[in-house]
Amino acid sequence: MGNRSKIPDIVIGRLPIYLRALTFMEAKGQEITSSQELGDKLGISSAQIRKDLSHFGEFGKQGTGYHVDFLKQQLRRILKIDCEWEIVMIGAGDLGRALAHYGGLSERGFRITAIFDKDPAKQGQKLGACVVQDTRHMAEVIKAKGYKIAAIVVPASAAQAVVDICIKAGIKAFLNYAPITLSVPPDIHVQYIDPVAHLQRMTFYL
């Protein structure tokens, strides 16, 4: 496998889209696909798909295409979701509640196993499979459990302070729902999920 640091982030971003398409194909009982078929379904050129996959090895044969199950398992391995990742979530408001109850996470290799909120009214409540804890205990729990991923579902005004605490405690990657650009060291990865920003981008085209 090639050097991961040399692989463009845009390529990594397309791998989960390929994985999703393969999962649908497998659910329909399809055993073989091609870069052409994948490309037609996803609106990506077959040449681009072949180039993306070539960063990681050879997964298909000329003329016979790809085995759906094999390619799916290889993509899961490349994305490191052939195991289960535990996530700590900070924020138990409306969006946090929705995320805690979202079954799609566990189906795809992720599970929220600790939730924190600073609001005493929310502490002690059951949310999904977790009991909401006081954010004052957040750092010690992250260190003790060795969490690497945190979902930030707090107001923008609180997000940076929460992230700073999480980084010191050992978090390496953030799923950030707060509508703010975070300041983090270069070795920390942040994925921004801002529904309003996506809506604003969309309305430009209407």
# chains A, B, ... in the order shown; residues from 1 in each chain; ligands from 1

call {"tool": "residues_around", "arguments": {"residues": "segment 29-43 of chain A", "least_positions_apart": "3", "cutoff": "9 Å", "atoms": "only C-alpha atoms", "output": "ChimeraX atom specification"}}
result
/A:17-18,21-22,24-26,46-50,60,63-69

call {"tool": "residues_around", "arguments": {"residues": "Glu140 of chain A", "least_positions_apart": "6", "cutoff": "10 Å", "atoms": "only C-alpha atoms", "output": "list in words"}}
result
Gly146, Cys166 and Ala169 of chain A

call {"tool": "write_last_selection", "arguments": {"atoms": "N, CA and C atoms", "output": "mmCIF file, in the first residue's frame"}}
result
data_model
loop_
_atom_site.group_PDB
_atom_site.id
_atom_site.type_symbol
_atom_site.label_atom_id
_atom_site.label_comp_id
_atom_site.auth_asym_id
_atom_site.auth_seq_id
_atom_site.Cartn_x
_atom_site.Cartn_y
_atom_site.Cartn_z
ATOM 1 N N GLY A 146 -9.165 5.871 26.536
ATOM 2 C CA GLY A 146 -8.330 5.942 25.335
ATOM 3 C C GLY A 146 -9.089 6.343 24.079
ATOM 4 N N CYS A 166 -10.281 18.253 24.971
ATOM 5 C CA CYS A 166 -10.261 16.917 24.346
ATOM 6 C C CYS A 166 -8.890 16.578 23.774
ATOM 7 N N ALA A 169 -6.499 15.618 26.331
ATOM 8 C CA ALA A 169 -6.843 14.305 26.897
ATOM 9 C C ALA A 169 -6.527 13.154 25.934
#

call {"tool": "closest_residue", "arguments": {"among": "A:Ala121, A:Val153, A:Leu53, A:Ile165", "to": "Ala139 of chain A", "atoms": "only C-alpha atoms"}}
result
A:Ile165

call {"tool": "residues_around", "arguments": {"residues": "segment 122-131 of chain A", "least_positions_apart": "4", "cutoff": "9 Å", "atoms": "only C-alpha atoms", "output": "PyMOL selection string"}}
result
chain A and resi 92-93+97+100-102+112-118

call {"tool": "write_last_selection", "arguments": {"atoms": "N, CA and C atoms", "output": "PDB file, in the first residue's frame"}}
result
ATOM      1  N   ALA A  92     -25.562  17.292  24.543  1.00  0.00           N
ATOM      2  CA  ALA A  92     -26.745  16.422  24.564  1.00  0.00           C
ATOM      3  C   ALA A  92     -28.012  17.215  24.258  1.00  0.00           C
ATOM      4  N   GLY A  93     -27.861  18.226  23.381  1.00  0.00           N
ATOM      5  CA  GLY A  93     -29.024  18.999  22.933  1.00  0.00           C
ATOM      6  C   GLY A  93     -29.781  18.239  21.857  1.00  0.00           C
ATOM      7  N   ARG A  97     -28.958  14.460  20.654  1.00  0.00           N
ATOM      8  CA  ARG A  97     -29.942  13.391  20.890  1.00  0.00           C
ATOM      9  C   ARG A  97     -30.198  12.606  19.610  1.00  0.00           C
ATOM     10  N   ALA A 100     -27.199  10.414  18.888  1.00  0.00           N
ATOM     11  CA  ALA A 100     -27.134   9.280  19.823  1.00  0.00           C
ATOM     12  C   ALA A 100     -28.097   8.163  19.427  1.00  0.00           C
ATOM     13  N   HIS A 101     -29.219   8.544  18.798  1.00  0.00           N
ATOM     14  CA  HIS A 101     -30.220   7.544  18.412  1.00  0.00           C
ATOM     15  C   HIS A 101     -30.068   7.073  16.965  1.00  0.00           C
ATOM     16  N   TYR A 102     -29.072   7.604  16.264  1.00  0.00           N
ATOM     17  CA  TYR A 102     -28.911   7.273  14.849  1.00  0.00           C
ATOM     18  C   TYR A 102     -28.273   5.892  14.692  1.00  0.00           C
ATOM     19  N   ILE A 112     -21.229   5.450  19.753  1.00  0.00           N
ATOM     20  CA  ILE A 112     -21.093   6.459  20.814  1.00  0.00           C
ATOM     21  C   ILE A 112     -21.198   5.735  22.148  1.00  0.00           C
ATOM     22  N   THR A 113     -20.121   5.806  22.952  1.00  0.00           N
ATOM     23  CA  THR A 113     -20.113   5.065  24.210  1.00  0.00           C
ATOM     24  C   THR A 113     -19.960   5.973  25.442  1.00  0.00           C
ATOM     25  N   ALA A 114     -19.862   7.284  25.223  1.00  0.00           N
ATOM     26  CA  ALA A 114     -19.851   8.234  26.347  1.00  0.00           C
ATOM     27  C   ALA A 114     -20.402   9.571  25.860  1.00  0.00           C
ATOM     28  N   ILE A 115     -21.248  10.197  26.667  1.00  0.00           N
ATOM     29  CA  ILE A 115     -21.856  11.483  26.320  1.00  0.00           C
ATOM     30  C   ILE A 115     -21.704  12.437  27.496  1.00  0.00           C
ATOM     31  N   PHE A 116     -21.337  13.679  27.189  1.00  0.00           N
ATOM     32  CA  PHE A 116     -21.151  14.696  28.233  1.00  0.00           C
ATOM     33  C   PHE A 116     -21.943  15.962  27.903  1.00  0.00           C
ATOM     34  N   ASP A 117     -22.413  16.640  28.962  1.00  0.00           N
ATOM     35  CA  ASP A 117     -23.070  17.935  28.803  1.00  0.00           C
ATOM     36  C   ASP A 117     -22.876  18.719  30.097  1.00  0.00           C
ATOM     37  N   LYS A 118     -22.759  20.037  29.975  1.00  0.00           N
ATOM     38  CA  LYS A 118     -22.543  20.845  31.192  1.00  0.00           C
ATOM     39  C   LYS A 118     -23.843  21.196  31.903  1.00  0.00           C
TER      40      LYS A 118
END

call {"tool": "select_by_dssp", "arguments": {"residues": "segment 81-174 of chain A", "states": "alpha helix (DSSP H)", "output": "PyMOL selection string"}}
result
chain A and resi 94-100+104-107+138-145+156-169

call {"tool": "write_last_selection", "arguments": {"atoms": "C-alpha atoms", "output": "PDB file, in the first residue's frame"}}
result
ATOM      1  CA  ASP A  94     -31.454  18.286  20.069  1.00  0.00           C
ATOM      2  CA  LEU A  95     -28.724  17.460  17.532  1.00  0.00           C
ATOM      3  CA  GLY A  96     -26.803  15.352  20.057  1.00  0.00           C
ATOM      4  CA  ARG A  97     -29.942  13.391  20.890  1.00  0.00           C
ATOM      5  CA  ALA A  98     -30.561  12.697  17.209  1.00  0.00           C
ATOM      6  CA  LEU A  99     -26.963  11.521  16.743  1.00  0.00           C
ATOM      7  CA  ALA A 100     -27.134   9.280  19.823  1.00  0.00           C
ATOM      8  CA  GLY A 104     -26.480   4.165  10.937  1.00  0.00           C
ATOM      9  CA  LEU A 105     -23.342   4.735  13.035  1.00  0.00           C
ATOM     10  CA  SER A 106     -23.126   1.222  14.480  1.00  0.00           C
ATOM     11  CA  GLU A 107     -23.912  -0.328  11.080  1.00  0.00           C
ATOM     12  CA  MET A 138     -14.709  14.512  30.388  1.00  0.00           C
ATOM     13  CA  ALA A 139     -10.893  14.662  30.302  1.00  0.00           C
ATOM     14  CA  GLU A 140     -10.384  11.864  32.832  1.00  0.00           C
ATOM     15  CA  VAL A 141     -12.842   9.547  31.035  1.00  0.00           C
ATOM     16  CA  ILE A 142     -11.230  10.214  27.620  1.00  0.00           C
ATOM     17  CA  LYS A 143      -7.782   9.426  29.062  1.00  0.00           C
ATOM     18  CA  ALA A 144      -8.979   6.335  30.944  1.00  0.00           C
ATOM     19  CA  LYS A 145     -10.859   4.856  27.964  1.00  0.00           C
ATOM     20  CA  ALA A 156     -20.225  27.615  18.653  1.00  0.00           C
ATOM     21  CA  SER A 157     -19.272  29.729  21.683  1.00  0.00           C
ATOM     22  CA  ALA A 158     -18.252  26.628  23.679  1.00  0.00           C
ATOM     23  CA  ALA A 159     -16.710  24.489  20.906  1.00  0.00           C
ATOM     24  CA  GLN A 160     -13.079  25.685  20.945  1.00  0.00           C
ATOM     25  CA  ALA A 161     -12.720  25.328  24.736  1.00  0.00           C
ATOM     26  CA  VAL A 162     -14.198  21.798  24.584  1.00  0.00           C
ATOM     27  CA  VAL A 163     -11.870  20.823  21.732  1.00  0.00           C
ATOM     28  CA  ASP A 164      -8.795  22.138  23.596  1.00  0.00           C
ATOM     29  CA  ILE A 165      -9.661  19.942  26.599  1.00  0.00           C
ATOM     30  CA  CYS A 166     -10.261  16.917  24.346  1.00  0.00           C
ATOM     31  CA  ILE A 167      -6.920  17.321  22.522  1.00  0.00           C
ATOM     32  CA  LYS A 168      -5.027  17.483  25.830  1.00  0.00           C
ATOM     33  CA  ALA A 169      -6.843  14.305  26.897  1.00  0.00           C
TER      34      ALA A 169
END

call {"tool": "residues_around", "arguments": {"residues": "Glu86 of chain A", "least_positions_apart": "3", "cutoff": "9 Å", "atoms": "only C-alpha atoms", "output": "ChimeraX atom specification"}}
result
/A:109-114,147-150

call {"tool": "decode", "arguments": {"residues": "segment 108-195 of chain A", "atoms": "C-alpha atoms", "output": "PDB file, in the first residue's frame"}}
result
ATOM      1  CA  ARG A 108     -20.816   1.393   9.671  1.00  0.00           C
ATOM      2  CA  GLY A 109     -18.268   0.720  12.413  1.00  0.00           C
ATOM      3  CA  PHE A 110     -18.844   3.507  14.962  1.00  0.00           C
ATOM      4  CA  ARG A 111     -20.482   3.589  18.387  1.00  0.00           C
ATOM      5  CA  ILE A 112     -21.093   6.459  20.814  1.00  0.00           C
ATOM      6  CA  THR A 113     -20.113   5.065  24.210  1.00  0.00           C
ATOM      7  CA  ALA A 114     -19.851   8.234  26.347  1.00  0.00           C
ATOM      8  CA  ILE A 115     -21.856  11.483  26.320  1.00  0.00           C
ATOM      9  CA  PHE A 116     -21.151  14.696  28.233  1.00  0.00           C
ATOM     10  CA  ASP A 117     -23.070  17.935  28.803  1.00  0.00           C
ATOM     11  CA  LYS A 118     -22.543  20.845  31.192  1.00  0.00           C
ATOM     12  CA  ASP A 119     -26.291  21.280  31.822  1.00  0.00           C
ATOM     13  CA  PRO A 120     -27.192  19.670  35.196  1.00  0.00           C
ATOM     14  CA  ALA A 121     -30.749  19.077  33.890  1.00  0.00           C
ATOM     15  CA  LYS A 122     -29.381  16.761  31.184  1.00  0.00           C
ATOM     16  CA  GLN A 123     -26.843  14.941  33.385  1.00  0.00           C
ATOM     17  CA  GLY A 124     -28.021  11.514  34.523  1.00  0.00           C
ATOM     18  CA  GLN A 125     -30.472  11.186  31.624  1.00  0.00           C
ATOM     19  CA  LYS A 126     -30.320   8.065  29.441  1.00  0.00           C
ATOM     20  CA  LEU A 127     -29.489   8.878  25.837  1.00  0.00           C
ATOM     21  CA  GLY A 128     -29.245   5.922  23.482  1.00  0.00           C
ATOM     22  CA  ALA A 129     -27.095   3.403  25.341  1.00  0.00           C
ATOM     23  CA  CYS A 130     -25.361   6.057  27.479  1.00  0.00           C
ATOM     24  CA  VAL A 131     -26.042   8.101  30.585  1.00  0.00           C
ATOM     25  CA  VAL A 132     -25.169  11.795  30.123  1.00  0.00           C
ATOM     26  CA  GLN A 133     -22.210  12.764  32.334  1.00  0.00           C
ATOM     27  CA  ASP A 134     -20.921  16.095  33.628  1.00  0.00           C
ATOM     28  CA  THR A 135     -18.329  17.692  31.292  1.00  0.00           C
ATOM     29  CA  ARG A 136     -16.096  18.216  34.345  1.00  0.00           C
ATOM     30  CA  HIS A 137     -15.268  14.483  34.163  1.00  0.00           C
ATOM     31  CA  MET A 138     -14.709  14.512  30.388  1.00  0.00           C
ATOM     32  CA  ALA A 139     -10.893  14.662  30.302  1.00  0.00           C
ATOM     33  CA  GLU A 140     -10.384  11.864  32.832  1.00  0.00           C
ATOM     34  CA  VAL A 141     -12.842   9.547  31.035  1.00  0.00           C
ATOM     35  CA  ILE A 142     -11.230  10.214  27.620  1.00  0.00           C
ATOM     36  CA  LYS A 143      -7.782   9.426  29.062  1.00  0.00           C
ATOM     37  CA  ALA A 144      -8.979   6.335  30.944  1.00  0.00           C
ATOM     38  CA  LYS A 145     -10.859   4.856  27.964  1.00  0.00           C
ATOM     39  CA  GLY A 146      -8.330   5.942  25.335  1.00  0.00           C
ATOM     40  CA  TYR A 147     -10.874   7.618  23.049  1.00  0.00           C
ATOM     41  CA  LYS A 148      -9.472   8.916  19.738  1.00  0.00           C
ATOM     42  CA  ILE A 149     -12.660  10.357  18.151  1.00  0.00           C
ATOM     43  CA  ALA A 150     -14.984  13.018  19.579  1.00  0.00           C
ATOM     44  CA  ALA A 151     -18.234  14.400  18.179  1.00  0.00           C
ATOM     45  CA  ILE A 152     -18.632  18.076  19.075  1.00  0.00           C
ATOM     46  CA  VAL A 153     -22.321  18.973  19.323  1.00  0.00           C
ATOM     47  CA  VAL A 154     -22.131  22.105  21.498  1.00  0.00           C
ATOM     48  CA  PRO A 155     -22.895  25.784  20.683  1.00  0.00           C
ATOM     49  CA  ALA A 156     -20.225  27.615  18.653  1.00  0.00           C
ATOM     50  CA  SER A 157     -19.272  29.729  21.683  1.00  0.00           C
ATOM     51  CA  ALA A 158     -18.252  26.628  23.679  1.00  0.00           C
ATOM     52  CA  ALA A 159     -16.710  24.489  20.906  1.00  0.00           C
ATOM     53  CA  GLN A 160     -13.079  25.685  20.945  1.00  0.00           C
ATOM     54  CA  ALA A 161     -12.720  25.328  24.736  1.00  0.00           C
ATOM     55  CA  VAL A 162     -14.198  21.798  24.584  1.00  0.00           C
ATOM     56  CA  VAL A 163     -11.870  20.823  21.732  1.00  0.00           C
ATOM     57  CA  ASP A 164      -8.795  22.138  23.596  1.00  0.00           C
ATOM     58  CA  ILE A 165      -9.661  19.942  26.599  1.00  0.00           C
ATOM     59  CA  CYS A 166     -10.261  16.917  24.346  1.00  0.00           C
ATOM     60  CA  ILE A 167      -6.920  17.321  22.522  1.00  0.00           C
ATOM     61  CA  LYS A 168      -5.027  17.483  25.830  1.00  0.00           C
ATOM     62  CA  ALA A 169      -6.843  14.305  26.897  1.00  0.00           C
ATOM     63  CA  GLY A 170      -5.784  12.431  23.734  1.00  0.00           C
ATOM     64  CA  ILE A 171      -8.464  12.966  21.060  1.00  0.00           C
ATOM     65  CA  LYS A 172      -6.993  12.871  17.518  1.00  0.00           C
ATOM     66  CA  ALA A 173     -10.080  13.391  15.319  1.00  0.00           C
ATOM     67  CA  PHE A 174     -13.228  15.486  15.614  1.00  0.00           C
ATOM     68  CA  LEU A 175     -16.620  15.359  13.987  1.00  0.00           C
ATOM     69  CA  ASN A 176     -17.610  18.998  14.468  1.00  0.00           C
ATOM     70  CA  TYR A 177     -21.281  20.020  14.312  1.00  0.00           C
ATOM     71  CA  ALA A 178     -20.652  23.454  15.856  1.00  0.00           C
ATOM     72  CA  PRO A 179     -20.858  26.232  13.211  1.00  0.00           C
ATOM     73  CA  ILE A 180     -17.296  27.436  13.823  1.00  0.00           C
ATOM     74  CA  THR A 181     -13.867  26.772  12.316  1.00  0.00           C
ATOM     75  CA  LEU A 182     -11.722  25.223  15.037  1.00  0.00           C
ATOM     76  CA  SER A 183      -8.089  26.002  15.731  1.00  0.00           C
ATOM     77  CA  VAL A 184      -6.218  22.689  16.105  1.00  0.00           C
ATOM     78  CA  PRO A 185      -2.611  21.426  15.724  1.00  0.00           C
ATOM     79  CA  PRO A 186      -1.644  20.018  12.278  1.00  0.00           C
ATOM     80  CA  ASP A 187      -1.782  16.381  13.442  1.00  0.00           C
ATOM     81  CA  ILE A 188      -5.447  16.699  14.520  1.00  0.00           C
ATOM     82  CA  HIS A 189      -8.120  15.966  11.908  1.00  0.00           C
ATOM     83  CA  VAL A 190     -11.449  17.827  11.892  1.00  0.00           C
ATOM     84  CA  GLN A 191     -14.478  16.917   9.773  1.00  0.00           C
ATOM     85  CA  TYR A 192     -17.012  19.750   9.629  1.00  0.00           C
ATOM     86  CA  ILE A 193     -20.741  18.965   9.530  1.00  0.00           C
ATOM     87  CA  ASP A 194     -22.638  22.245   9.151  1.00  0.00           C
ATOM     88  CA  PRO A 195     -26.144  21.701   7.697  1.00  0.00           C
TER      89      PRO A 195
END
